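A.B. asks: Provided herewith is a single structure, encoded as structure tokens, for subsequent inquiry.
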Amino acid sequence: MAIHVVTHRKGGSTTEVAAVVSRLKAAALRTGAEDFRLSVELAGPEAGQWVLVIRFSDMASFGSSMGAAMADPDARAILEDLEKISPMTSRRIVAEVDL
């Protein structure tokens, strides 16, 4: 069962956010993520916020990747850089349901 980490962030220009998120994507893929997407919310109460979705194949790969990322000073520095330009407003961890 795939695991998705869905994070909403507010603020920062497309240029600023894309530059830092590109670095974060490389770090996430290096530590075991299967996919990493950046989107912008178009409608609803959170319109304009950034949405980052990181996909892992299962809970074990999610746990392993998170452990590796938090032990990596470079990955932590990237998250700090992103937080400065686009603070996190929410995060959800969800399990994909196979239909």
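We name chains A, B, ... following the order of the structure tokens; residues begin at 1 in each chain, and ligands are numbered from 1 as shown.
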Could you give me, as a list in words, the residues within 10 Å of stretch 1-6 of chain A, counting only C-alpha atoms and dropping anything in the same chain fewer than 3 positions from it?
C.D. replies: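 Counting only C-alpha atoms, the residues come to Ala33, Glu34, Asp35, Phe36, Arg37, Val51, Leu52, Val53, Ile54, Arg55, Phe56, Ser57, Asp58, Met59, Ala60, Ser61, Phe62, Ser90, Arg91, Arg92, Ile93, Val94, Ala95, Glu96, Val97 and Asp98 of chain A.
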A.B. asks: Can you list, as a PyMOL selection string, all residues belonging to chain A that DSSP tags as helix (DSSP H, G or I)?
C.D. replies: chain A and resi 14-30+59-71+73-85
A.B. asks: Counting only C-alpha atoms, which of A:Leu38, A:Ala71, A:Ser22, A:Trp50 gets nearest to A:Pro87?
C.D. replies: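 For A:Pro87, the nearest of the candidates is A:Trp50.
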A.B. asks: Calculate how many Å separate atom CA of A:Ser86 from atom CA of A:Thr7, rounding to one decimal.
C.D. replies: 11.2 Å
A.B. asks: Ranking A:Ala18, A:Thr31, A:Gly48, A:Lys10 by minimum distance to A:Met70 and counting only C-alpha atoms, which one comes first?
C.D. replies: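 The answer is A:Thr31, which sits nearest to A:Met70.
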A.B. asks: Kindly give the distance, in Å, that separates atom CA of A:Val17 and atom CA of A:Ile85, rounded to a single decimal.
C.D. replies: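 Interatomic distance, atom CA of A:Val17 to atom CA of A:Ile85: 7.2 Å.
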A.B. asks: If we count only C-alpha atoms and set the cut-off at 12 Å, which residues sit around A:Asp72, ignoring sequence neighbours fewer than 3 positions away in its own chain? Please answer as a PyMOL selection string.
C.D. replies: chain A and resi 24+27-28+30-31+65-69+75-79
A.B. asks: Quick check, in Å to one decimal: how far apart do atom CA of A:Gly32 and atom CA of A:Thr15 lie?
C.D. replies: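 Separation of atom CA of A:Gly32 and atom CA of A:Thr15: 25.9 Å.
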A.B. asks: Which is closest to A:Gly11 among A:Gln49, A:Pro73, A:Ala26, A:Val40, if we use only C-alpha atoms?
C.D. replies: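 Using only C-alpha atoms, A:Gly11 sits closest to A:Gln49.
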A.B. asks: Using the chain letters and numbers from this document, which residues of chain A does DSSP assign to strand (DSSP E), as a PDB file with N, CA and C atoms, in the first residue's frame?
C.D. replies:
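For reference, part_39.pdb as written:
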```pdb
ATOM      1  N   ILE A   3       2.248   5.035   0.333  1.00  0.00           N
ATOM      2  CA  ILE A   3       2.099   6.103   1.325  1.00  0.00           C
ATOM      3  C   ILE A   3       2.412   7.418   0.635  1.00  0.00           C
ATOM      4  N   HIS A   4       1.564   8.427   0.886  1.00  0.00           N
ATOM      5  CA  HIS A   4       1.767   9.765   0.333  1.00  0.00           C
ATOM      6  C   HIS A   4       1.896  10.755   1.484  1.00  0.00           C
ATOM      7  N   VAL A   5       2.897  11.613   1.396  1.00  0.00           N
ATOM      8  CA  VAL A   5       3.044  12.723   2.331  1.00  0.00           C
ATOM      9  C   VAL A   5       2.597  13.962   1.568  1.00  0.00           C
ATOM     10  N   VAL A   6       1.513  14.587   2.054  1.00  0.00           N
ATOM     11  CA  VAL A   6       0.916  15.744   1.386  1.00  0.00           C
ATOM     12  C   VAL A   6       1.136  16.959   2.284  1.00  0.00           C
ATOM     13  N   THR A   7       1.925  17.906   1.793  1.00  0.00           N
ATOM     14  CA  THR A   7       2.275  19.085   2.576  1.00  0.00           C
ATOM     15  C   THR A   7       1.798  20.341   1.860  1.00  0.00           C
ATOM     16  N   HIS A   8       1.124  21.218   2.611  1.00  0.00           N
ATOM     17  CA  HIS A   8       0.708  22.522   2.079  1.00  0.00           C
ATOM     18  C   HIS A   8       1.644  23.585   2.636  1.00  0.00           C
ATOM     19  N   ARG A   9       2.033  24.509   1.766  1.00  0.00           N
ATOM     20  CA  ARG A   9       2.910  25.617   2.155  1.00  0.00           C
ATOM     21  C   ARG A   9       2.355  26.901   1.563  1.00  0.00           C
ATOM     22  N   ASP A  35       8.236   9.117  -6.015  1.00  0.00           N
ATOM     23  CA  ASP A  35       7.789  10.237  -6.833  1.00  0.00           C
ATOM     24  C   ASP A  35       7.683  11.464  -5.947  1.00  0.00           C
ATOM     25  N   PHE A  36       7.801  12.624  -6.557  1.00  0.00           N
ATOM     26  CA  PHE A  36       7.748  13.889  -5.819  1.00  0.00           C
ATOM     27  C   PHE A  36       7.117  14.907  -6.748  1.00  0.00           C
ATOM     28  N   ARG A  37       6.028  15.528  -6.317  1.00  0.00           N
ATOM     29  CA  ARG A  37       5.318  16.487  -7.161  1.00  0.00           C
ATOM     30  C   ARG A  37       5.101  17.800  -6.425  1.00  0.00           C
ATOM     31  N   LEU A  38       5.191  18.885  -7.182  1.00  0.00           N
ATOM     32  CA  LEU A  38       4.865  20.213  -6.672  1.00  0.00           C
ATOM     33  C   LEU A  38       3.701  20.740  -7.490  1.00  0.00           C
ATOM     34  N   SER A  39       2.659  21.197  -6.800  1.00  0.00           N
ATOM     35  CA  SER A  39       1.482  21.765  -7.446  1.00  0.00           C
ATOM     36  C   SER A  39       1.082  23.018  -6.699  1.00  0.00           C
ATOM     37  N   VAL A  40       0.141  23.739  -7.275  1.00  0.00           N
ATOM     38  CA  VAL A  40      -0.437  24.892  -6.597  1.00  0.00           C
ATOM     39  C   VAL A  40      -1.945  24.679  -6.534  1.00  0.00           C
ATOM     40  N   TRP A  50       1.000  26.171  -2.036  1.00  0.00           N
ATOM     41  CA  TRP A  50       1.765  25.114  -2.675  1.00  0.00           C
ATOM     42  C   TRP A  50       1.363  23.766  -2.082  1.00  0.00           C
ATOM     43  N   VAL A  51       1.374  22.732  -2.912  1.00  0.00           N
ATOM     44  CA  VAL A  51       1.084  21.371  -2.457  1.00  0.00           C
ATOM     45  C   VAL A  51       2.229  20.479  -2.909  1.00  0.00           C
ATOM     46  N   LEU A  52       2.911  19.882  -1.954  1.00  0.00           N
ATOM     47  CA  LEU A  52       3.987  18.932  -2.252  1.00  0.00           C
ATOM     48  C   LEU A  52       3.465  17.543  -1.917  1.00  0.00           C
ATOM     49  N   VAL A  53       3.603  16.616  -2.840  1.00  0.00           N
ATOM     50  CA  VAL A  53       3.182  15.237  -2.609  1.00  0.00           C
ATOM     51  C   VAL A  53       4.369  14.326  -2.878  1.00  0.00           C
ATOM     52  N   ILE A  54       4.753  13.592  -1.847  1.00  0.00           N
ATOM     53  CA  ILE A  54       5.865  12.645  -1.963  1.00  0.00           C
ATOM     54  C   ILE A  54       5.274  11.250  -1.813  1.00  0.00           C
ATOM     55  N   ARG A  55       5.583  10.370  -2.753  1.00  0.00           N
ATOM     56  CA  ARG A  55       5.026   9.014  -2.759  1.00  0.00           C
ATOM     57  C   ARG A  55       6.110   8.004  -2.410  1.00  0.00           C
ATOM     58  N   PHE A  56       5.716   7.063  -1.554  1.00  0.00           N
ATOM     59  CA  PHE A  56       6.570   5.944  -1.163  1.00  0.00           C
ATOM     60  C   PHE A  56       5.822   4.654  -1.463  1.00  0.00           C
ATOM     61  N   MET A  88       5.212  25.892   6.192  1.00  0.00           N
ATOM     62  CA  MET A  88       4.234  24.817   6.124  1.00  0.00           C
ATOM     63  C   MET A  88       2.959  25.223   6.849  1.00  0.00           C
ATOM     64  N   THR A  89       1.814  24.966   6.214  1.00  0.00           N
ATOM     65  CA  THR A  89       0.524  25.236   6.855  1.00  0.00           C
ATOM     66  C   THR A  89      -0.169  23.952   7.294  1.00  0.00           C
ATOM     67  N   SER A  90       0.131  22.832   6.633  1.00  0.00           N
ATOM     68  CA  SER A  90      -0.439  21.549   7.065  1.00  0.00           C
ATOM     69  C   SER A  90       0.336  20.406   6.423  1.00  0.00           C
ATOM     70  N   ARG A  91       0.214  19.243   7.045  1.00  0.00           N
ATOM     71  CA  ARG A  91       0.823  18.027   6.492  1.00  0.00           C
ATOM     72  C   ARG A  91      -0.081  16.857   6.844  1.00  0.00           C
ATOM     73  N   ARG A  92      -0.267  16.005   5.862  1.00  0.00           N
ATOM     74  CA  ARG A  92      -1.036  14.791   6.065  1.00  0.00           C
ATOM     75  C   ARG A  92      -0.247  13.624   5.492  1.00  0.00           C
ATOM     76  N   ILE A  93      -0.341  12.501   6.171  1.00  0.00           N
ATOM     77  CA  ILE A  93       0.263  11.271   5.656  1.00  0.00           C
ATOM     78  C   ILE A  93      -0.906  10.325   5.388  1.00  0.00           C
ATOM     79  N   VAL A  94      -1.022   9.901   4.135  1.00  0.00           N
ATOM     80  CA  VAL A  94      -2.177   9.109   3.740  1.00  0.00           C
ATOM     81  C   VAL A  94      -1.725   7.806   3.083  1.00  0.00           C
ATOM     82  N   ALA A  95      -2.565   6.787   3.196  1.00  0.00           N
ATOM     83  CA  ALA A  95      -2.311   5.500   2.568  1.00  0.00           C
ATOM     84  C   ALA A  95      -3.216   5.364   1.366  1.00  0.00           C
TER      85      ALA A  95
END
```
